[in-house]
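**Q** One file: my_file.txt (compact mmCIF, C-alpha atoms).
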# COMPACT_ATOMS: atom_id res chain seq x y z
CA ASP V 856 51.34 -35.08 -36.62
CA GLY V 857 51.86 -33.25 -33.31
CA ILE V 858 55.65 -33.64 -33.37
CA ILE V 859 58.24 -30.83 -33.26
CA ARG V 860 61.57 -31.63 -34.90
CA ILE V 861 64.60 -29.55 -33.89
CA TYR V 862 67.37 -28.98 -36.44
CA GLU V 863 70.80 -27.41 -36.01
CA ALA V 864 73.40 -26.19 -38.47
CA PRO V 865 76.75 -27.80 -37.48
CA ASP V 866 78.64 -25.11 -39.37
CA ILE V 867 77.23 -21.59 -39.17
CA MET V 868 79.23 -20.71 -42.29
CA ASN V 869 77.37 -23.36 -44.26
CA LEU V 870 73.63 -23.00 -43.73
CA GLN V 871 72.82 -25.49 -46.47
CA VAL V 872 73.50 -28.40 -44.11
CA TRP V 873 71.15 -29.04 -41.19
CA ARG V 874 70.91 -32.07 -38.91
CA GLN V 875 68.11 -33.14 -36.62
CA THR V 876 69.11 -32.89 -32.98
CA GLY V 877 65.83 -33.40 -31.16
CA GLU V 878 62.18 -34.34 -31.34
CA ILE V 879 59.24 -33.38 -29.13
CA ILE V 880 56.03 -35.40 -29.18
CA VAL V 881 53.42 -32.85 -28.13
CA ASN V 882 49.99 -34.42 -28.72
CA ASN V 883 47.75 -36.22 -31.20
CA PHE V 884 45.95 -33.14 -32.47
CA GLY V 885 48.72 -31.25 -34.24
CA ILE V 886 50.60 -27.99 -33.72
CA ASN V 887 49.60 -24.47 -34.79
CA CYS V 888 52.53 -22.33 -33.63
CA ILE V 889 55.85 -22.19 -31.78
CA SER V 890 58.13 -19.47 -30.41
CA TRP V 891 61.62 -19.62 -28.89
CA ASN V 892 62.88 -18.15 -25.63
CA LYS V 893 65.39 -15.60 -26.90
CA ASN V 894 67.33 -15.17 -23.63
CA PRO V 895 70.83 -16.65 -24.21
CA PHE V 896 71.36 -17.18 -20.46
CA ASP V 897 68.44 -19.60 -20.14
CA PRO V 898 68.54 -23.20 -21.34
CA PRO V 899 66.85 -23.62 -24.73
CA MET V 900 63.08 -23.28 -24.32
CA ILE V 901 60.20 -23.33 -26.74
CA ILE V 902 56.51 -22.57 -26.26
CA VAL V 903 54.03 -24.58 -28.31
CA GLY V 904 50.43 -23.77 -29.24
CA SER V 905 48.39 -26.84 -30.18
CA LYS V 906 45.35 -27.59 -32.29
CA ASP V 907 42.20 -29.03 -30.73
CA ALA V 908 39.84 -31.82 -31.76
CA THR V 909 37.83 -29.57 -34.09
CA THR V 910 40.82 -28.06 -35.93
CA SER V 911 43.05 -31.13 -36.08
CA PHE V 912 43.85 -32.15 -39.66
CA THR V 913 44.51 -35.72 -38.51
CA ASN V 914 41.15 -35.93 -36.79
CA LYS V 915 39.30 -34.50 -39.80
CA ASN V 916 40.88 -37.09 -42.10
CA ALA V 917 39.92 -39.87 -39.70
CA MET V 918 36.37 -38.56 -39.57
CA LYS V 919 36.13 -38.52 -43.37
CA VAL V 920 37.32 -42.13 -43.58
CA GLN V 921 34.89 -43.26 -40.90
CA ASN V 922 32.01 -41.45 -42.59
CA ILE V 923 32.71 -43.34 -45.82
CA ASP V 924 33.32 -46.80 -44.35
CA THR V 925 31.14 -47.06 -41.25
CA PRO V 926 28.75 -44.13 -40.95
CA ALA V 927 26.90 -45.72 -38.02
CA ILE V 928 30.01 -45.71 -35.81
CA SER V 929 31.06 -42.64 -33.87
CA THR V 930 33.87 -40.90 -35.76
CA MET V 931 35.45 -39.52 -32.60
CA GLU V 932 35.83 -42.99 -31.09
CA ASN V 933 37.62 -44.26 -34.18
CA ALA V 934 39.87 -41.27 -34.79
CA ASN V 935 42.57 -42.56 -32.41
CA VAL V 936 42.66 -39.18 -30.67
CA ASN V 937 42.75 -39.11 -26.90
CA ILE V 938 40.47 -36.25 -25.86
CA SER V 939 40.65 -35.17 -22.25
CA PRO V 940 38.65 -32.40 -20.59
CA GLU V 941 41.92 -31.37 -18.90
CA GLU V 942 43.79 -31.07 -22.19
CA LYS V 943 46.14 -28.08 -22.22
CA TYR V 944 46.86 -26.35 -25.49
CA LEU V 945 49.78 -24.11 -24.47
CA SER V 946 52.97 -25.78 -23.25
CA ILE V 947 56.61 -24.86 -22.59
CA TYR V 948 59.40 -27.35 -23.24
CA VAL V 949 63.00 -27.05 -22.03
CA PHE V 950 66.21 -28.75 -23.14
CA ARG V 951 67.94 -30.28 -20.11
CA ASP V 952 70.15 -33.33 -19.62
CA SER V 953 70.37 -33.88 -23.39
CA HIS V 954 66.58 -34.21 -23.71
CA TRP V 955 63.57 -32.03 -24.40
CA ASN V 956 61.19 -32.17 -21.44
CA LEU V 957 57.80 -30.65 -20.67
CA LEU V 958 58.36 -27.74 -18.29
CA SER V 959 54.82 -26.42 -17.83
CA GLN V 960 51.34 -26.28 -19.33
CA LEU V 961 50.18 -22.71 -18.85
CA SER V 962 47.15 -22.01 -16.70
CA TYR V 963 46.67 -19.28 -14.09
CA ASP V 964 44.16 -18.61 -11.31
CA SER V 965 43.77 -14.86 -10.95
CA LEU V 966 43.10 -13.00 -7.70
CA ALA V 967 39.54 -12.47 -8.93
CA GLY V 968 39.02 -16.22 -8.98
CA GLU V 969 39.12 -16.54 -12.77
CA ARG V 970 40.94 -19.46 -14.39
CA ILE V 971 42.92 -17.98 -17.27
CA GLU V 972 43.91 -20.53 -19.90
CA HIS V 973 43.24 -21.68 -23.44
CA LYS V 974 40.41 -24.20 -23.59
CA SER V 975 40.64 -24.62 -27.36
CA ALA V 976 43.25 -24.33 -30.13
CA VAL V 977 46.03 -21.75 -29.76
CA ASN V 978 46.46 -19.99 -33.10
CA ASP V 979 49.65 -18.00 -32.45
CA VAL V 980 52.28 -17.33 -29.77
CA SER V 981 54.91 -14.61 -29.39
CA TRP V 982 57.80 -14.80 -26.88
CA ASN V 983 59.22 -11.31 -26.44
CA PRO V 984 62.97 -10.77 -25.82
CA LEU V 985 63.84 -10.18 -22.15
CA ASN V 986 65.22 -6.63 -22.72
CA GLY V 987 66.45 -6.22 -19.13
CA ARG V 988 63.16 -7.21 -17.48
CA SER V 989 63.14 -9.54 -14.48
CA TYR V 990 60.34 -11.59 -16.06
CA HIS V 991 59.42 -13.08 -19.44
CA LEU V 992 56.54 -11.78 -21.55
CA ILE V 993 54.56 -14.15 -23.77
CA ALA V 994 51.39 -13.52 -25.78
CA SER V 995 49.08 -16.25 -27.01
CA CYS V 996 45.80 -16.03 -28.89
CA GLY V 997 42.84 -18.10 -29.96
CA LYS V 998 39.09 -18.35 -29.47
CA GLU V 999 39.45 -16.92 -25.93
CA GLY V 1000 41.08 -13.74 -27.25
CA VAL V 1001 44.64 -12.74 -26.36
CA ILE V 1002 46.39 -13.77 -23.14
CA VAL V 1003 49.57 -12.04 -21.95
CA TRP V 1004 51.67 -14.21 -19.63
CA TYR V 1005 54.21 -12.92 -17.10
CA LEU V 1006 56.68 -15.70 -16.28
CA ARG V 1007 59.85 -16.24 -14.31
CA PHE V 1008 62.19 -19.23 -14.21
CA PRO V 1009 63.77 -19.42 -10.72
CA LYS V 1010 67.43 -20.42 -10.96
CA GLU V 1011 67.23 -22.58 -7.83
CA GLU V 1012 64.18 -24.46 -9.12
CA SER V 1013 63.55 -26.59 -12.19
CA GLY V 1014 60.00 -25.33 -12.74
CA ILE V 1015 58.26 -22.13 -13.73
CA LYS V 1016 56.58 -19.34 -11.79
CA ILE V 1017 53.60 -17.60 -13.37
CA LEU V 1018 53.58 -14.08 -11.92
CA ASP V 1019 50.42 -12.95 -13.68
CA ALA V 1020 48.24 -13.44 -16.74
CA LYS V 1021 46.03 -10.86 -18.40
CA ARG V 1022 43.26 -11.61 -20.87
CA ILE V 1023 42.59 -9.01 -23.56
CA SER V 1024 38.97 -9.41 -24.58
CA SER V 1025 38.00 -9.38 -28.24
CA GLY V 1026 34.32 -10.17 -27.79
CA ASP V 1027 33.31 -13.27 -29.71
CA VAL V 1028 36.06 -12.78 -32.30
CA THR V 1029 38.64 -15.53 -32.72
CA ILE V 1030 42.17 -14.07 -32.84
CA TRP V 1031 44.57 -15.54 -35.40
CA LYS V 1032 47.83 -13.61 -35.08
CA CYS V 1033 49.58 -11.66 -32.32
CA GLY V 1034 52.98 -10.06 -31.87
CA PHE V 1035 54.92 -7.63 -29.66
CA ASN V 1036 57.09 -4.75 -30.67
CA LEU V 1037 60.77 -5.16 -29.78
CA MET V 1038 60.49 -3.71 -26.26
CA GLY V 1039 57.25 -5.49 -25.38
CA THR V 1040 55.37 -2.24 -24.73
CA LEU V 1041 52.95 -2.65 -27.66
CA LEU V 1042 51.01 -5.71 -28.74
CA ALA V 1043 49.23 -6.07 -32.08
CA PHE V 1044 46.71 -8.78 -32.91
CA SER V 1045 44.24 -9.54 -35.70
CA GLY V 1046 41.20 -11.77 -35.94
CA GLN V 1047 38.47 -13.11 -38.14
CA ASP V 1048 36.69 -9.74 -38.24
CA ASN V 1049 39.54 -8.37 -40.43
CA LYS V 1050 40.45 -5.81 -37.79
CA ILE V 1051 43.91 -5.12 -36.41
CA ARG V 1052 44.11 -3.88 -32.84
CA ILE V 1053 47.13 -2.36 -31.13
CA CYS V 1054 47.36 -2.47 -27.32
CA LYS V 1055 49.65 -0.65 -24.95
CA GLY V 1056 50.81 -2.19 -21.70
CA GLY V 1057 50.98 -0.26 -18.45
CA TYR V 1058 53.07 -0.63 -15.31
CA ASP V 1059 50.03 -2.22 -13.65
CA ARG V 1060 50.19 -5.01 -16.29
CA ASN V 1061 46.88 -3.97 -17.79
CA TRP V 1062 46.60 -3.70 -21.56
CA SER V 1063 44.36 -1.17 -23.28
CA ILE V 1064 43.52 -0.87 -26.97
CA VAL V 1065 44.98 2.38 -28.33
CA GLU V 1066 44.39 1.86 -32.05
CA GLU V 1067 42.01 -0.19 -34.16
CA PHE V 1068 41.72 -0.29 -37.92
CA GLU V 1069 40.19 -2.59 -40.50
CA GLU V 1070 42.11 -4.44 -43.15
CA GLU V 1071 41.27 -3.13 -46.60
CA ASP V 1072 39.65 -5.44 -49.09
CA ALA V 1073 41.87 -6.34 -52.06
CA GLU V 1074 39.30 -4.91 -54.48
CA ASP V 1075 39.14 -1.62 -52.55
CA GLU V 1076 42.91 -1.34 -52.63
CA GLU V 1077 42.99 -2.03 -56.37
CA ARG V 1078 40.27 0.58 -56.94
CA ARG V 1079 42.19 3.15 -54.90
CA ASN V 1080 45.43 2.48 -56.77
CA LYS V 1081 43.63 2.79 -60.10
CA LYS V 1082 42.13 6.13 -59.09
CA MET V 1083 45.54 7.35 -57.91
CA ASN V 1084 47.12 6.40 -61.24
CA GLU V 1085 44.37 8.19 -63.15
CA GLU V 1086 44.97 11.35 -61.10
CA ILE V 1087 48.69 11.16 -61.84
CA MET V 1088 48.02 10.79 -65.58
CA LEU V 1089 45.67 13.82 -65.53
CA LYS V 1090 48.33 15.95 -63.84
CA LYS V 1091 50.78 15.05 -66.59
Hey, can you dump this file as structure tokens for me?
**A**
Amino acid sequence: DGIIRIYEAPDIMNLQVWRQTGEIIVNNFGINCISWNKNPFDPPMIIVGSKDATTSFTNKNAMKVQNIDTPAISTMENANVNISPEEKYLSIYVFRDSHWNLLSQLSYDSLAGERIEHKSAVNDVSWNPLNGRSYHLIASCGKEGVIVWYLRFPKEESGIKILDAKRISSGDVTIWKCGFNLMGTLLAFSGQDNKIRICKGGYDRNWSIVEEFEEEDAEDEERRNKKMNEEIMLKK
């Protein structure tokens, strides 16, 4: 339903009791992923990756209903979804003054003149711990591949400063999952081609693929395990 609900345990010794402390209305499409800012010295922050019009469960249900009842009417007009060409699918929210507020919708104009942003659904986000850096490191992925964001939150300002953004190309492959190692020096991501790629970040903020391997089919794994068991039995 495009709403994030925040819960808190009043007593950390009793994690069976949780109470809702906040609610964030993000959009009409729905939400794919979230990740917390893990720096304890910042106010609570959360980054949100949204669905788009083609992946929204709400929109698909509305389209099905319209197709059954009034097939001659445009389904998109009757889905009650506000679609804007400027829709942003990656947003950061911050908890200030007892409320959750939109801090920024991520988009970056590179020195080469390229607009780096997600123009469709964001499938996964990963907010790496600060680990002594002077900037935050966030990875997001979707149809556009993987984007690594370099962010800073100036103490004297209430906004956000995007230092840089790097796009890791994956060809025409949609990326579904991404994640850093603890120190933020390695980034792994996987997509619809069943391949897992591991990238290493340099001091120049460029990321290069250092390892790539394909996920094994379940049948191949079962066949390999069967062969291994047969070899063990023969040795006995």
**Q** Could you please determine the separation between CA of Tyr948 in chain V and CA of Thr1029 in chain V in Å, to one decimal place?
**A** 25.7 Å
**Q** Between V:Lys893, V:His954, V:Lys906, V:Arg1052, which residue has the minimum interatomic distance to His991 in chain V, considering only C-alpha atoms?
**A**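 When distances to His991 in chain V are compared using only C-alpha atoms, the smallest one comes from V:Lys893.
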**Q** Tell me which of V:Ser905, V:Ser1025, V:Ser959, V:Ser953 sits closest to Lys974 in chain V, counting all atoms listed in the file.
**A**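 The closest residue to Lys974 in chain V is V:Ser905.
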**Q** In Å, how far is it from CA of Arg951 in chain V to CA of Gly997 in chain V?
**A** 29.6 Å
**Q** Using all atoms listed in the file, can you tell me which of V:Ile1053, V:Ile867, V:Ile859, V:Ile1002 comes closest to Asn978 in chain V?
**A** V:Ile1002
**Q** Rank V:Ser1013, V:Asn986, V:Asn894, V:Asn869 by their smallest atom-to-atom distance to Leu957 in chain V, using all atoms listed in the file, and report the top residue only.
**A**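 Ranked by minimum distance to Leu957 in chain V, first place goes to V:Ser1013.
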**Q** Could all heavy atoms be built for range 1040-1051 of chain V and written out as a CSV table (one decimal), in the coordinates of the input?
**A**
chain,number,residue,atom,x,y,z
V,1040,THR,N,56.3,-3.3,-25.3
V,1040,THR,CA,55.4,-2.2,-24.7
V,1040,THR,C,54.1,-2.2,-25.5
V,1040,THR,O,53.1,-1.6,-25.1
V,1040,THR,CB,56.0,-0.9,-24.7
V,1040,THR,OG1,56.5,-0.6,-26.1
V,1040,THR,CG2,57.2,-0.9,-23.8
V,1041,LEU,N,54.1,-2.6,-26.8
V,1041,LEU,CA,53.0,-2.6,-27.7
V,1041,LEU,C,52.7,-4.1,-28.1
V,1041,LEU,O,53.6,-4.9,-28.4
V,1041,LEU,CB,53.2,-1.7,-28.9
V,1041,LEU,CG,53.3,-0.2,-28.6
V,1041,LEU,CD1,53.6,0.5,-29.9
V,1041,LEU,CD2,52.1,0.3,-28.0
V,1042,LEU,N,51.4,-4.4,-28.3
V,1042,LEU,CA,51.0,-5.7,-28.7
V,1042,LEU,C,49.9,-5.5,-29.8
V,1042,LEU,O,48.9,-4.8,-29.6
V,1042,LEU,CB,50.4,-6.5,-27.6
V,1042,LEU,CG,49.8,-7.9,-27.9
V,1042,LEU,CD1,50.9,-8.8,-28.5
V,1042,LEU,CD2,49.1,-8.5,-26.7
V,1043,ALA,N,50.2,-6.1,-31.0
V,1043,ALA,CA,49.2,-6.1,-32.1
V,1043,ALA,C,48.6,-7.5,-32.3
V,1043,ALA,O,49.3,-8.5,-32.2
V,1043,ALA,CB,49.9,-5.6,-33.4
V,1044,PHE,N,47.3,-7.5,-32.6
V,1044,PHE,CA,46.7,-8.8,-32.9
V,1044,PHE,C,45.6,-8.6,-33.9
V,1044,PHE,O,45.0,-7.5,-34.0
V,1044,PHE,CB,46.2,-9.5,-31.6
V,1044,PHE,CG,45.2,-8.7,-30.8
V,1044,PHE,CD1,43.9,-8.8,-31.0
V,1044,PHE,CD2,45.7,-7.8,-29.8
V,1044,PHE,CE1,42.9,-8.1,-30.3
V,1044,PHE,CE2,44.8,-7.1,-29.0
V,1044,PHE,CZ,43.4,-7.2,-29.3
V,1045,SER,N,45.3,-9.6,-34.7
V,1045,SER,CA,44.2,-9.5,-35.7
V,1045,SER,C,43.4,-10.8,-35.6
V,1045,SER,O,43.8,-11.9,-35.2
V,1045,SER,CB,44.9,-9.4,-37.1
V,1045,SER,OG,45.7,-10.5,-37.4
V,1046,GLY,N,42.1,-10.7,-36.0
V,1046,GLY,CA,41.2,-11.8,-35.9
V,1046,GLY,C,40.3,-11.9,-37.2
V,1046,GLY,O,40.6,-11.3,-38.2
V,1047,GLN,N,39.3,-12.8,-37.0
V,1047,GLN,CA,38.5,-13.1,-38.1
V,1047,GLN,C,37.5,-12.0,-38.6
V,1047,GLN,O,36.9,-12.1,-39.6
V,1047,GLN,CB,37.6,-14.3,-37.8
V,1047,GLN,CG,36.7,-14.1,-36.6
V,1047,GLN,CD,35.9,-15.4,-36.3
V,1047,GLN,OE1,36.3,-16.5,-36.7
V,1047,GLN,NE2,34.9,-15.3,-35.5
V,1048,ASP,N,37.5,-10.9,-37.8
V,1048,ASP,CA,36.7,-9.7,-38.2
V,1048,ASP,C,37.5,-8.8,-39.1
V,1048,ASP,O,37.0,-7.7,-39.4
V,1048,ASP,CB,36.2,-9.0,-37.0
V,1048,ASP,CG,37.3,-8.5,-36.1
V,1048,ASP,OD1,38.4,-8.9,-36.3
V,1048,ASP,OD2,37.0,-7.7,-35.2
V,1049,ASN,N,38.7,-9.2,-39.5
V,1049,ASN,CA,39.5,-8.4,-40.4
V,1049,ASN,C,40.0,-7.1,-39.8
V,1049,ASN,O,40.3,-6.1,-40.5
V,1049,ASN,CB,38.8,-8.1,-41.8
V,1049,ASN,CG,38.6,-9.3,-42.6
V,1049,ASN,OD1,39.5,-10.3,-42.5
V,1049,ASN,ND2,37.6,-9.4,-43.4
V,1050,LYS,N,40.0,-7.0,-38.5
V,1050,LYS,CA,40.4,-5.8,-37.8
V,1050,LYS,C,41.8,-6.1,-37.1
V,1050,LYS,O,42.0,-7.2,-36.6
V,1050,LYS,CB,39.4,-5.4,-36.8
V,1050,LYS,CG,38.2,-4.8,-37.4
V,1050,LYS,CD,37.2,-4.2,-36.3
V,1050,LYS,CE,36.0,-3.6,-36.9
V,1050,LYS,NZ,35.0,-3.1,-35.9
V,1051,ILE,N,42.6,-5.1,-37.1
V,1051,ILE,CA,43.9,-5.1,-36.4
V,1051,ILE,C,43.8,-4.2,-35.2
V,1051,ILE,O,43.5,-3.0,-35.4
V,1051,ILE,CB,45.1,-4.7,-37.3
V,1051,ILE,CG1,45.2,-5.7,-38.5
V,1051,ILE,CG2,46.4,-4.7,-36.6
V,1051,ILE,CD1,46.1,-5.3,-39.6
